[in-house]
$ cat work-v8.txt   # compact mmCIF, C-alpha atoms (C1' of nucleotides)
# COMPACT_ATOMS: atom_id res chain seq x y z
CA MET N 1 -18.96 -16.78 34.34
CA ALA N 2 -18.80 -17.95 30.80
CA ARG N 3 -16.86 -15.89 28.33
CA THR N 4 -19.43 -13.77 26.52
CA LYS N 5 -19.31 -12.88 22.88
CA LYS N 6 -18.48 -9.29 23.72
CA GLU N 7 -15.53 -10.30 25.87
CA ILE N 8 -14.16 -12.47 23.10
CA SER N 9 -14.33 -9.73 20.55
CA ASN N 10 -12.78 -7.29 22.99
CA GLU N 11 -9.80 -9.64 23.42
CA ASP N 12 -9.22 -8.94 27.09
CA GLY N 13 -6.72 -10.56 29.47
CA ARG N 14 -3.81 -12.74 28.49
CA ARG N 15 -5.40 -13.72 25.22
CA GLY N 16 -5.73 -10.07 24.31
CA GLU N 17 -2.07 -9.47 25.14
CA ILE N 18 -1.12 -12.18 22.69
CA VAL N 19 -3.32 -10.72 19.97
CA ARG N 20 -1.84 -7.25 20.41
CA ALA N 21 1.75 -8.49 20.56
CA ALA N 22 1.21 -10.69 17.52
CA ALA N 23 -0.30 -7.78 15.61
CA LYS N 24 2.80 -5.71 16.24
CA LEU N 25 5.14 -8.51 15.19
CA PHE N 26 3.06 -9.43 12.13
CA ARG N 27 3.15 -5.79 11.11
CA ASP N 28 6.90 -5.44 11.60
CA LYS N 29 8.08 -8.79 10.22
CA GLY N 30 5.10 -10.21 8.35
CA TYR N 31 3.10 -13.31 9.26
CA ASP N 32 5.77 -15.77 8.13
CA GLY N 33 8.59 -13.69 9.57
CA ALA N 34 7.15 -13.59 13.07
CA SER N 35 7.68 -16.88 14.93
CA MET N 36 5.46 -18.25 17.65
CA ARG N 37 8.49 -18.08 19.93
CA ALA N 38 8.88 -14.36 19.26
CA ILE N 39 5.19 -13.78 19.94
CA ALA N 40 5.30 -15.81 23.15
CA ASN N 41 8.46 -14.13 24.41
CA SER N 42 7.11 -10.65 23.72
CA VAL N 43 4.40 -11.27 26.30
CA GLY N 44 6.69 -13.10 28.74
CA MET N 45 5.54 -16.59 27.89
CA GLN N 46 7.41 -19.73 26.93
CA CYS N 47 7.20 -20.92 23.36
CA GLY N 48 4.42 -23.49 23.84
CA SER N 49 2.13 -21.38 25.98
CA PRO N 50 0.23 -19.38 23.37
CA PHE N 51 -1.23 -22.73 22.24
CA TYR N 52 -3.16 -22.80 25.48
CA HIS N 53 -5.08 -19.78 24.13
CA PHE N 54 -5.02 -20.49 20.38
CA ALA N 55 -5.12 -23.74 18.47
CA SER N 56 -2.69 -22.51 15.82
CA LYS N 57 -0.69 -19.56 14.56
CA GLN N 58 -3.29 -19.11 11.86
CA ASP N 59 -5.95 -18.62 14.52
CA ILE N 60 -3.91 -15.77 16.02
CA LEU N 61 -3.82 -14.07 12.64
CA VAL N 62 -7.57 -14.53 12.35
CA ALA N 63 -8.04 -13.00 15.80
CA VAL N 64 -5.87 -10.04 14.83
CA VAL N 65 -7.86 -9.39 11.67
CA GLU N 66 -11.19 -9.89 13.41
CA GLU N 67 -10.23 -7.47 16.15
CA GLY N 68 -9.09 -4.95 13.54
CA LEU N 69 -12.32 -5.19 11.60
CA ARG N 70 -14.40 -4.99 14.76
CA GLN N 71 -12.57 -1.90 16.07
CA GLY N 72 -12.40 -0.32 12.64
CA LEU N 73 -16.07 -0.78 11.90
CA GLU N 74 -16.99 0.49 15.35
CA LYS N 75 -14.88 3.65 15.02
CA THR N 76 -16.07 4.23 11.48
CA ARG N 77 -19.75 3.83 12.27
CA ALA N 78 -19.30 6.28 15.15
CA VAL N 79 -18.51 9.12 12.72
CA VAL N 80 -21.24 8.31 10.19
CA ASP N 81 -24.06 10.83 10.39
CA PRO N 82 -26.55 11.26 7.55
CA ASN N 83 -27.15 14.86 8.65
CA LEU N 84 -23.58 15.91 7.88
CA ASP N 85 -22.81 17.56 4.60
CA GLY N 86 -20.81 15.42 2.20
CA ILE N 87 -17.45 17.06 2.63
CA GLU N 88 -17.58 17.02 6.41
CA GLN N 89 -18.63 13.36 6.37
CA PHE N 90 -15.70 12.57 4.10
CA ARG N 91 -13.31 14.49 6.32
CA ARG N 92 -14.38 12.49 9.37
CA LEU N 93 -14.00 9.19 7.54
CA VAL N 94 -10.49 10.13 6.45
CA GLN N 95 -9.52 11.14 9.98
CA VAL N 96 -10.77 7.93 11.49
CA HIS N 97 -9.23 5.77 8.77
CA LEU N 98 -5.83 7.37 9.22
CA SER N 99 -6.03 6.80 12.96
CA ILE N 100 -6.96 3.16 12.33
CA ILE N 101 -3.97 2.46 10.10
CA LEU N 102 -1.33 4.92 11.35
CA GLU N 103 -1.87 5.56 15.04
CA ASP N 104 0.60 3.97 17.40
CA GLY N 105 -0.60 0.57 18.61
CA ASN N 106 -3.24 0.22 15.89
CA ASP N 107 -1.56 -2.65 14.09
CA PHE N 108 -4.60 -4.78 13.32
CA ILE N 109 -5.80 -3.29 10.04
CA PRO N 110 -2.28 -2.87 8.62
CA VAL N 111 -1.75 -6.58 9.33
CA MET N 112 -4.96 -7.36 7.49
CA LEU N 113 -4.05 -5.17 4.52
CA TYR N 114 -0.59 -6.61 4.08
CA ASN N 115 -1.04 -10.23 5.22
CA TRP N 116 -4.41 -11.01 3.71
CA ARG N 117 -2.99 -13.79 1.54
CA CYS N 118 -1.70 -15.59 4.65
CA LEU N 119 -5.29 -16.26 5.72
CA ASP N 120 -6.75 -19.62 4.74
CA ASP N 121 -9.34 -19.45 1.97
CA ALA N 122 -12.17 -20.27 4.34
CA HIS N 123 -11.22 -17.42 6.67
CA GLN N 124 -10.88 -15.02 3.76
CA ARG N 125 -14.35 -15.92 2.57
CA ARG N 126 -15.83 -15.34 5.99
CA LEU N 127 -14.00 -12.09 6.77
CA ILE N 128 -14.62 -10.49 3.40
CA ALA N 129 -18.23 -9.87 4.38
CA THR N 130 -17.11 -7.49 7.12
CA LYS N 131 -14.59 -5.84 4.80
CA ASP N 132 -17.42 -5.25 2.35
CA GLU N 133 -19.44 -3.57 5.06
CA TYR N 134 -16.53 -1.19 5.63
CA ASP N 135 -16.36 -0.46 1.91
CA ARG N 136 -20.09 0.19 1.72
CA ILE N 137 -19.82 3.00 4.27
CA TRP N 138 -17.05 4.63 2.26
CA GLN N 139 -18.86 4.12 -1.00
CA ALA N 140 -21.97 5.82 0.32
CA ALA N 141 -19.95 8.84 1.44
CA ILE N 142 -18.16 9.07 -1.91
CA ASP N 143 -21.40 8.61 -3.82
CA LYS N 144 -22.77 11.61 -1.98
CA LEU N 145 -19.75 13.72 -2.94
CA TYR N 146 -20.39 12.63 -6.50
CA ALA N 147 -24.06 13.55 -6.28
CA ASP N 148 -23.08 16.95 -4.87
CA GLY N 149 -20.65 17.51 -7.74
CA VAL N 150 -17.58 17.67 -5.48
CA LEU N 151 -16.19 14.58 -7.18
CA THR N 152 -16.88 14.15 -10.86
CA LYS N 153 -15.33 10.80 -11.68
CA ALA N 154 -16.68 7.26 -11.39
CA PRO N 155 -17.31 6.92 -7.66
CA LYS N 156 -16.37 3.25 -7.41
CA PHE N 157 -12.97 3.90 -8.88
CA ALA N 158 -12.66 6.97 -6.67
CA ARG N 159 -13.11 4.81 -3.58
CA LEU N 160 -10.38 2.45 -4.71
CA MET N 161 -7.97 5.32 -5.40
CA ILE N 162 -8.67 7.21 -2.19
CA LEU N 163 -8.50 4.20 0.13
CA GLY N 164 -5.51 2.85 -1.78
CA ALA N 165 -3.57 6.09 -1.40
CA MET N 166 -4.28 6.11 2.32
CA ASN N 167 -3.57 2.43 2.84
CA PHE N 168 -0.21 2.78 1.13
CA MET N 169 0.69 5.45 3.69
CA VAL N 170 1.41 2.52 6.02
CA THR N 171 4.58 1.95 3.98
CA TRP N 172 5.95 5.51 4.20
CA TYR N 173 4.32 7.47 7.00
CA LYS N 174 6.55 8.12 10.01
CA PRO N 175 4.87 9.84 12.96
CA ARG N 176 6.52 13.04 14.10
CA LEU N 177 6.50 14.65 17.50
CA GLY N 178 3.12 16.15 18.27
CA GLY N 179 0.23 14.27 16.73
CA ASP N 180 0.32 15.33 13.10
CA LEU N 181 -2.35 12.84 12.08
CA HIS N 182 -4.86 15.64 12.08
CA ALA N 183 -2.67 17.65 9.74
CA MET N 184 -2.28 14.57 7.54
CA SER N 185 -6.05 14.15 7.38
CA ASN N 186 -6.38 17.72 6.19
CA GLU N 187 -3.77 17.14 3.51
CA VAL N 188 -5.55 14.03 2.29
CA VAL N 189 -8.95 15.73 2.23
CA GLY N 190 -7.48 18.79 0.58
CA PHE N 191 -5.75 16.75 -2.08
CA PHE N 192 -8.75 14.66 -3.08
CA LEU N 193 -11.41 17.35 -2.84
CA GLY N 194 -9.34 20.21 -4.23
CA GLN N 195 -9.04 23.57 -2.61
CA ALA N 196 -12.73 24.42 -2.48
CA GLN N 197 -13.10 23.87 1.24
CA GLU N 198 -11.25 25.25 4.22
CA VAL N 199 -9.53 22.88 6.62
CA ALA N 200 -10.82 22.78 10.16
CA MET G 1 34.00 -14.04 -22.53
CA ALA G 2 33.66 -12.51 -19.15
CA ARG G 3 30.20 -11.58 -17.97
CA THR G 4 29.82 -7.89 -18.63
CA LYS G 5 28.00 -5.45 -16.43
CA LYS G 6 25.19 -5.18 -18.95
CA GLU G 7 24.70 -8.92 -19.08
CA ILE G 8 24.53 -9.10 -15.31
CA SER G 9 21.88 -6.44 -15.08
CA ASN G 10 19.94 -8.06 -17.88
CA GLU G 11 19.84 -11.32 -15.94
CA ASP G 12 20.13 -13.68 -18.87
CA GLY G 13 20.47 -17.47 -18.88
CA ARG G 14 19.89 -19.79 -15.97
CA ARG G 15 20.56 -17.05 -13.45
CA GLY G 16 17.87 -14.94 -15.06
CA GLU G 17 15.40 -17.82 -14.89
CA ILE G 18 15.97 -18.05 -11.16
CA VAL G 19 15.45 -14.33 -10.71
CA ARG G 20 12.17 -14.36 -12.63
CA ALA G 21 10.88 -17.49 -10.90
CA ALA G 22 11.84 -16.09 -7.50
CA ALA G 23 10.10 -12.80 -8.30
CA LYS G 24 6.87 -14.63 -9.04
CA LEU G 25 7.09 -16.69 -5.87
CA PHE G 26 8.09 -13.73 -3.70
CA ARG G 27 5.12 -11.85 -5.09
CA ASP G 28 2.66 -14.69 -4.49
CA LYS G 29 3.88 -15.93 -1.11
CA GLY G 30 6.17 -13.22 0.21
CA TYR G 31 9.92 -13.47 0.76
CA ASP G 32 9.66 -15.59 3.91
CA GLY G 33 6.86 -17.69 2.47
CA ALA G 34 8.79 -18.73 -0.64
CA SER G 35 11.37 -21.40 0.13
CA MET G 36 14.61 -21.96 -1.76
CA ARG G 37 13.30 -25.43 -2.60
CA ALA G 38 10.19 -23.95 -4.20
CA ILE G 39 12.30 -21.50 -6.19
CA ALA G 40 14.68 -24.24 -7.33
CA ASN G 41 11.90 -26.64 -8.29
CA SER G 42 10.05 -23.98 -10.26
CA VAL G 43 13.00 -23.81 -12.66
CA GLY G 44 13.61 -27.58 -12.63
CA MET G 45 16.57 -27.51 -10.29
CA GLN G 46 17.35 -29.43 -7.12
CA CYS G 47 17.23 -27.57 -3.85
CA GLY G 48 20.93 -26.83 -3.53
CA SER G 49 21.54 -25.69 -7.08
CA PRO G 50 20.48 -22.05 -6.93
CA PHE G 51 23.42 -21.56 -4.57
CA TYR G 52 25.71 -22.14 -7.53
CA HIS G 53 24.34 -18.85 -8.91
CA PHE G 54 23.62 -16.94 -5.71
CA ALA G 55 25.41 -16.90 -2.38
CA SER G 56 22.19 -16.60 -0.39
CA LYS G 57 18.42 -16.21 -0.61
CA GLN G 58 18.90 -12.57 0.31
CA ASP G 59 21.03 -12.08 -2.77
CA ILE G 60 18.21 -13.39 -4.96
CA LEU G 61 15.87 -10.82 -3.45
CA VAL G 62 18.47 -8.14 -4.12
CA ALA G 63 18.75 -9.29 -7.73
CA VAL G 64 14.96 -9.18 -8.11
CA VAL G 65 14.76 -5.64 -6.77
CA GLU G 66 17.76 -4.46 -8.81
CA GLU G 67 16.27 -5.91 -11.98
CA GLY G 68 12.95 -4.26 -11.20
CA LEU G 69 14.53 -0.87 -10.62
CA ARG G 70 16.68 -1.19 -13.72
CA GLN G 71 13.76 -2.15 -15.97
CA GLY G 72 11.41 0.34 -14.34
CA LEU G 73 13.81 3.23 -14.65
CA GLU G 74 14.57 2.31 -18.25
CA LYS G 75 10.90 2.15 -19.23
CA THR G 76 10.12 5.32 -17.33
CA ARG G 77 12.95 7.34 -18.82
CA ALA G 78 11.82 6.19 -22.27
CA VAL G 79 8.54 8.12 -21.92
CA VAL G 80 10.04 11.27 -20.42
CA ASP G 81 10.08 14.09 -22.94
CA PRO G 82 10.43 17.73 -21.89
CA ASN G 83 8.58 18.82 -25.03
CA LEU G 84 5.36 17.11 -23.97
CA ASP G 85 2.67 19.12 -22.30
CA GLY G 86 2.21 18.35 -18.63
CA ILE G 87 -0.94 16.31 -18.86
CA GLU G 88 0.35 14.12 -21.69
CA GLN G 89 3.60 13.53 -19.79
CA PHE G 90 1.62 12.53 -16.73
CA ARG G 91 -0.56 10.19 -18.77
CA ARG G 92 2.49 8.41 -20.17
CA LEU G 93 4.04 8.02 -16.73
CA VAL G 94 0.83 6.51 -15.41
CA GLN G 95 0.61 4.07 -18.30
CA VAL G 96 4.16 2.89 -17.89
CA HIS G 97 3.88 2.62 -14.12
CA LEU G 98 0.75 0.50 -14.34
CA SER G 99 2.45 -1.79 -16.83
CA ILE G 100 5.44 -2.08 -14.48
CA ILE G 101 3.36 -3.14 -11.48
CA LEU G 102 0.34 -4.87 -13.04
CA GLU G 103 1.36 -6.47 -16.33
CA ASP G 104 1.70 -10.23 -16.35
CA GLY G 105 5.27 -11.32 -15.59
CA ASN G 106 6.31 -7.96 -14.19
CA ASP G 107 6.75 -9.11 -10.63
CA PHE G 108 9.94 -7.25 -9.73
CA ILE G 109 8.60 -3.90 -8.58
CA PRO G 110 5.66 -5.42 -6.68
CA VAL G 111 8.20 -7.57 -4.84
CA MET G 112 10.18 -4.46 -4.00
CA LEU G 113 7.13 -2.54 -2.84
CA TYR G 114 5.84 -5.29 -0.56
CA ASN G 115 9.06 -6.97 0.62
CA TRP G 116 11.27 -3.95 1.14
CA ARG G 117 11.69 -4.68 4.85
CA CYS G 118 13.12 -8.11 4.02
CA LEU G 119 16.18 -6.43 2.52
CA ASP G 120 19.19 -6.01 4.78
CA ASP G 121 19.83 -2.46 5.93
CA ALA G 122 22.93 -2.16 3.79
CA HIS G 123 21.04 -3.18 0.66
CA GLN G 124 18.19 -0.82 1.48
CA ARG G 125 20.63 2.05 1.83
CA ARG G 126 22.23 1.28 -1.51
CA LEU G 127 19.00 0.67 -3.45
CA ILE G 128 17.20 3.71 -2.12
CA ALA G 129 19.31 5.94 -4.34
CA THR G 130 17.76 4.38 -7.43
CA LYS G 131 14.30 4.56 -5.91
CA ASP G 132 14.87 8.25 -5.33
CA GLU G 133 15.78 8.70 -8.98
CA TYR G 134 12.45 7.17 -9.90
CA ASP G 135 10.65 9.51 -7.53
CA ARG G 136 12.46 12.53 -8.96
CA ILE G 137 11.09 11.86 -12.43
CA TRP G 138 7.58 11.66 -11.07
CA GLN G 139 8.04 14.72 -8.90
CA ALA G 140 9.20 16.78 -11.87
CA ALA G 141 6.13 15.77 -13.87
CA ILE G 142 3.80 16.58 -10.97
CA ASP G 143 5.56 19.86 -10.28
CA LYS G 144 4.84 20.84 -13.85
CA LEU G 145 1.15 20.03 -13.46
CA TYR G 146 1.21 22.21 -10.37
CA ALA G 147 2.93 25.04 -12.23
CA ASP G 148 0.33 24.75 -14.99
CA GLY G 149 -2.49 24.94 -12.46
CA VAL G 150 -3.84 21.45 -13.26
CA LEU G 151 -3.02 20.34 -9.73
CA THR G 152 -3.43 22.86 -6.96
CA LYS G 153 -2.26 21.02 -3.88
CA ALA G 154 1.21 20.51 -2.39
CA PRO G 155 2.99 18.60 -5.17
CA LYS G 156 5.12 16.45 -2.87
CA PHE G 157 2.05 15.13 -1.12
CA ALA G 158 0.35 14.73 -4.48
CA ARG G 159 3.14 12.42 -5.62
CA LEU G 160 2.75 10.25 -2.53
CA MET G 161 -1.02 10.00 -2.97
CA ILE G 162 -0.91 9.29 -6.70
CA LEU G 163 1.84 6.68 -6.56
CA GLY G 164 0.33 5.20 -3.40
CA ALA G 165 -3.07 4.76 -5.02
CA MET G 166 -1.46 3.06 -8.01
CA ASN G 167 0.87 0.89 -5.97
CA PHE G 168 -2.02 -0.35 -3.87
CA MET G 169 -3.70 -1.55 -7.07
CA VAL G 170 -1.34 -4.52 -6.81
CA THR G 171 -3.56 -5.77 -3.98
CA TRP G 172 -6.88 -5.58 -5.83
CA TYR G 173 -6.38 -5.37 -9.59
CA LYS G 174 -7.30 -8.52 -11.51
CA PRO G 175 -6.56 -8.43 -15.24
CA ARG G 176 -9.53 -9.11 -17.49
CA LEU G 177 -9.59 -10.56 -20.96
CA GLY G 178 -8.31 -8.06 -23.50
CA GLY G 179 -5.65 -5.77 -22.10
CA ASP G 180 -7.57 -3.28 -20.05
CA LEU G 181 -4.45 -1.69 -18.64
CA HIS G 182 -4.89 1.14 -21.10
CA ALA G 183 -8.42 1.71 -19.86
CA MET G 184 -7.14 1.61 -16.29
CA SER G 185 -4.54 4.25 -17.10
CA ASN G 186 -7.24 6.50 -18.44
CA GLU G 187 -9.31 6.03 -15.32
CA VAL G 188 -6.35 6.88 -13.11
CA VAL G 189 -5.45 9.97 -15.12
CA GLY G 190 -9.08 11.03 -15.27
CA PHE G 191 -9.52 10.64 -11.55
CA PHE G 192 -6.46 12.60 -10.49
CA LEU G 193 -6.65 15.34 -13.10
CA GLY G 194 -10.42 15.76 -13.14
CA GLN G 195 -12.50 15.79 -16.24
CA ALA G 196 -10.75 18.69 -18.00
CA GLN G 197 -8.96 16.54 -20.55
CA GLU G 198 -10.20 13.93 -22.97
CA VAL G 199 -8.83 10.41 -22.82
CA ALA G 200 -6.84 9.18 -25.78
C1' DC U 1 24.36 -28.44 -11.34
C1' DC U 2 23.24 -32.93 -8.39
C1' DT U 3 23.70 -35.74 -4.11
C1' DA U 4 23.70 -36.03 0.40
C1' DC U 5 23.82 -33.88 4.27
C1' DC U 6 24.27 -30.14 8.18
C1' DG U 7 22.61 -27.40 12.28
C1' DA U 8 18.98 -24.31 13.27
C1' DT U 9 14.48 -23.18 13.60
C1' DC U 10 9.80 -23.85 12.70
C1' DG U 11 4.70 -24.83 14.40
C1' DG U 12 2.74 -27.75 17.42
C1' DT U 13 1.93 -31.43 21.33
C1' DA U 14 1.83 -34.36 25.76
C1' DG U 15 1.97 -34.35 30.44
C1' DG U 16 1.91 -32.13 34.30
C1' DC L 1 0.99 -21.85 31.69
C1' DC L 2 5.81 -24.44 31.80
C1' DT L 3 8.88 -28.35 30.46
C1' DA L 4 10.49 -31.18 27.32
C1' DC L 5 10.08 -32.82 23.22
C1' DC L 6 8.37 -34.09 18.22
C1' DG L 7 8.73 -34.35 13.03
C1' DA L 8 9.09 -31.21 9.33
C1' DT L 9 11.20 -27.76 7.00
C1' DC L 10 14.35 -24.14 6.60
C1' DG L 11 18.77 -21.86 4.34
C1' DG L 12 23.00 -23.36 3.22
C1' DT L 13 27.35 -26.45 2.29
C1' DA L 14 30.92 -30.10 0.75
C1' DG L 15 32.28 -33.00 -2.65
C1' DG L 16 31.97 -34.41 -6.87
$ encode --input "work-v8.txt" --output "structure tokens"
Amino acid sequence: MARTKKEISNEDGRRGEIVRAAAKLFRDKGYDGASMRAIANSVGMQCGSPFYHFASKQDILVAVVEEGLRQGLEKTRAVVDPNLDGIEQFRRLVQVHLSIILEDGNDFIPVMLYNWRCLDDAHQRRLIATKDEYDRIWQAAIDKLYADGVLTKAPKFARLMILGAMNFMVTWYKPRLGGDLHAMSNEVVGFFLGQAQEVA
Amino acid sequence: MARTKKEISNEDGRRGEIVRAAAKLFRDKGYDGASMRAIANSVGMQCGSPFYHFASKQDILVAVVEEGLRQGLEKTRAVVDPNLDGIEQFRRLVQVHLSIILEDGNDFIPVMLYNWRCLDDAHQRRLIATKDEYDRIWQAAIDKLYADGVLTKAPKFARLMILGAMNFMVTWYKPRLGGDLHAMSNEVVGFFLGQAQEVA
DNA sequence: CCTACCGATCGGTAGG
DNA sequence: CCTACCGATCGGTAGG
């Protein structure tokens, strides 16, 4: 059976192993710091073998970023619900974003955030459309907080500050015993929305 | 005359040119992505010549980070004044931090922020003491805002969010014609402190 | 600070 | 997917 579009984007099998191993190495050492040999060896292959699955190292990076955007957009859309009140919608977006960038094994989006310049211009241009879709979801949620009076400052700038503060957590957050991501989400929500609302 | 400590930390002369050129290249292409040849050529040297001034590429990175911390701490201390009210102190810290990370030619701290893992463990351990000094200044200013009731959430977490949001601006901020860094500072201050205070 | 060069490692390929 | 290999480039050095 031919490889369907869904299977490709799910990155199953050996190819998927390479994508996941590369994501971890790109995150730890950066795109230039992670060699094809290191990627191959981390999945038990010889140095030339990943080129059976990918035409180039660049294409592996593209696959990592595409998989990150696909998973991220899927998880994010799953918590969007126009019936929620603004604060609860925001809380869910924060929780899911922190899991996307901080949870163990979720290396795709951190690689995208911190290796974006390693993508060829053409790939950047193509992938930015999906990034924009991600931003639109956040912007809509923040606009609603603004309309409700929970946030009072320019909502576009608010989105950049809030997502920036979270994205920079990649550089300092160290997971502790017992999933404290939920606690972290509450701290983030509490900080940006003030003390008006109780934490779940 | 022997090179004094002050002259070393000021990075004057040819050595200083290498440090500044390397900072720019490290910022644009990353530590691993910027070759010694590229650094040498960007100051009109041949590929082996930087090694007359530095023992290794790693030592250039160390010099970049040290120069960034030295300049950053100097500029930051210059705006610290215990007689200022909390909000005005915060505003000045934001302004100086944005100039440190976003102003044209100030590549040192961005290199530190986004290439920290490229430093050897021993250098990280040594440099972290100066980083901590920087954080202490910020923490004191934020603690005061907390004591004054301007901020109401855990001040340590507040520092991480505020500095994180600013530091991530390195990835998206594009300077426009006519220095808008001052306007940016006002937006940042306005966002984090709410609309209580007027912008200068 | 240049010239000329080193061994190591890089991404990538051909043939099986 | 492995073996064996390629040219290019890397950080770094010796001698002047």
$ closest_atom_pairs --input "work-v8.txt" --of "chain U" --to "chain G" --cutoff "10 Å" --atoms "all atoms listed in the file" --output "tab-separated table"
residue	atom	partner	partner_atom	distance
U:DC1	C1'	G:Ser49	CA	5.8
U:DC2	C1'	G:Gln46	CA	7.0
U:DT3	C1'	G:Gly48	CA	9.3
$ closest_residue --input "work-v8.txt" --among "N:Thr152, N:Ser56, N:Ser185, N:Asn106" --to "chain G" --atoms "only C-alpha atoms"
N:Thr152
$ residues_around --input "work-v8.txt" --residues "Arg176 of chain N" --least-positions-apart "6" --cutoff "12 Å" --atoms "all atoms listed in the file" --output "ChimeraX atom specification"
/N:102-104,182-184
$ interface_residues --input "work-v8.txt" --of "chain N" --to "chain G" --cutoff "7 Å" --atoms "only C-alpha atoms" --output "number ranges by chain"
N: 32-33, 153, 158, 161-162, 164-165, 168, 191
$ atom_distance --input "work-v8.txt" --atom1 "atom CA of His123 of chain N" --atom2 "atom CA of Pro175 of chain G"
24.1 Å
$ residues_near_point --input "work-v8.txt" --point "(23.1, -30.0, 6.9)" --cutoff "12 Å" --atoms "only C-alpha atoms (C1' of nucleotides)" --output "list of chain:residue names"
G:Gly48, U:DA4, U:DC5, U:DC6, U:DG7, U:DA8, L:DC10, L:DG11, L:DG12, L:DT13, L:DA14
$ residues_around --input "work-v8.txt" --residues "Asp81 of chain N" --least-positions-apart "4" --cutoff "12 Å" --atoms "all atoms listed in the file" --output "tab-separated table (two decimals) with C-alpha atoms, keeping the file's coordinate frame"
chain	number	residue	atom	x	y	z
N	76	THR	CA	-16.07	4.23	11.48
N	77	ARG	CA	-19.75	3.83	12.27
N	85	ASP	CA	-22.81	17.56	4.60
N	86	GLY	CA	-20.81	15.42	2.20
N	87	ILE	CA	-17.45	17.06	2.63
N	88	GLU	CA	-17.58	17.02	6.41
N	89	GLN	CA	-18.63	13.36	6.37
N	90	PHE	CA	-15.70	12.57	4.10
N	92	ARG	CA	-14.38	12.49	9.37
N	93	LEU	CA	-14.00	9.19	7.54
N	137	ILE	CA	-19.82	3.00	4.27
N	140	ALA	CA	-21.97	5.82	0.32
N	141	ALA	CA	-19.95	8.84	1.44
$ atom_distance --input "work-v8.txt" --atom1 "atom CA of Ala21 of chain N" --atom2 "atom CA of Ile109 of chain N"
14.0 Å
$ axis_aligned_box --input "work-v8.txt" --around "segment 3-10 of chain L" --padding-each-side "3 Å" --output "lines of an AutoDock Vina configuration file"
center_x = 11.4
center_y = -29.2
center_z = 18.5
size_x = 12.0
size_y = 16.2
size_z = 29.9
$ decode --input "work-v8.txt" --residues "segment 33-47 of chain N" --atoms "N, CA and C atoms" --output "PDB file, in the first residue's frame"
ATOM      1  N   GLY N  33      25.359  21.642  15.298  1.00  0.00           N
ATOM      2  CA  GLY N  33      26.135  20.866  16.258  1.00  0.00           C
ATOM      3  C   GLY N  33      25.813  19.382  16.277  1.00  0.00           C
ATOM      4  N   ALA N  34      24.718  19.013  15.654  1.00  0.00           N
ATOM      5  CA  ALA N  34      24.321  17.602  15.599  1.00  0.00           C
ATOM      6  C   ALA N  34      24.691  17.034  14.236  1.00  0.00           C
ATOM      7  N   SER N  35      25.609  16.076  14.205  1.00  0.00           N
ATOM      8  CA  SER N  35      26.057  15.516  12.924  1.00  0.00           C
ATOM      9  C   SER N  35      25.132  14.400  12.465  1.00  0.00           C
ATOM     10  N   MET N  36      25.144  14.173  11.166  1.00  0.00           N
ATOM     11  CA  MET N  36      24.375  13.056  10.617  1.00  0.00           C
ATOM     12  C   MET N  36      24.809  11.742  11.243  1.00  0.00           C
ATOM     13  N   ARG N  37      26.111  11.614  11.527  1.00  0.00           N
ATOM     14  CA  ARG N  37      26.595  10.394  12.171  1.00  0.00           C
ATOM     15  C   ARG N  37      25.968  10.198  13.550  1.00  0.00           C
ATOM     16  N   ALA N  38      25.868  11.293  14.303  1.00  0.00           N
ATOM     17  CA  ALA N  38      25.269  11.207  15.637  1.00  0.00           C
ATOM     18  C   ALA N  38      23.798  10.821  15.539  1.00  0.00           C
ATOM     19  N   ILE N  39      23.105  11.405  14.566  1.00  0.00           N
ATOM     20  CA  ILE N  39      21.691  11.077  14.380  1.00  0.00           C
ATOM     21  C   ILE N  39      21.541   9.610  14.008  1.00  0.00           C
ATOM     22  N   ALA N  40      22.350   9.171  13.034  1.00  0.00           N
ATOM     23  CA  ALA N  40      22.271   7.773  12.594  1.00  0.00           C
ATOM     24  C   ALA N  40      22.563   6.824  13.756  1.00  0.00           C
ATOM     25  N   ASN N  41      23.645   7.080  14.463  1.00  0.00           N
ATOM     26  CA  ASN N  41      24.033   6.181  15.551  1.00  0.00           C
ATOM     27  C   ASN N  41      22.982   6.120  16.658  1.00  0.00           C
ATOM     28  N   SER N  42      22.299   7.223  16.884  1.00  0.00           N
ATOM     29  CA  SER N  42      21.317   7.240  17.980  1.00  0.00           C
ATOM     30  C   SER N  42      20.097   6.389  17.673  1.00  0.00           C
ATOM     31  N   VAL N  43      19.945   5.983  16.405  1.00  0.00           N
ATOM     32  CA  VAL N  43      18.875   5.028  16.094  1.00  0.00           C
ATOM     33  C   VAL N  43      19.459   3.705  15.600  1.00  0.00           C
ATOM     34  N   GLY N  44      20.757   3.479  15.870  1.00  0.00           N
ATOM     35  CA  GLY N  44      21.372   2.199  15.538  1.00  0.00           C
ATOM     36  C   GLY N  44      21.666   2.000  14.071  1.00  0.00           C
ATOM     37  N   MET N  45      21.818   3.120  13.356  1.00  0.00           N
ATOM     38  CA  MET N  45      22.150   3.009  11.935  1.00  0.00           C
ATOM     39  C   MET N  45      23.600   3.400  11.697  1.00  0.00           C
ATOM     40  N   GLN N  46      24.099   3.043  10.519  1.00  0.00           N
ATOM     41  CA  GLN N  46      25.398   3.524  10.079  1.00  0.00           C
ATOM     42  C   GLN N  46      25.228   4.908   9.458  1.00  0.00           C
ATOM     43  N   CYS N  47      26.383   5.583   9.277  1.00  0.00           N
ATOM     44  CA  CYS N  47      26.306   7.019   8.995  1.00  0.00           C
ATOM     45  C   CYS N  47      25.611   7.345   7.683  1.00  0.00           C
TER      46      CYS N  47
END
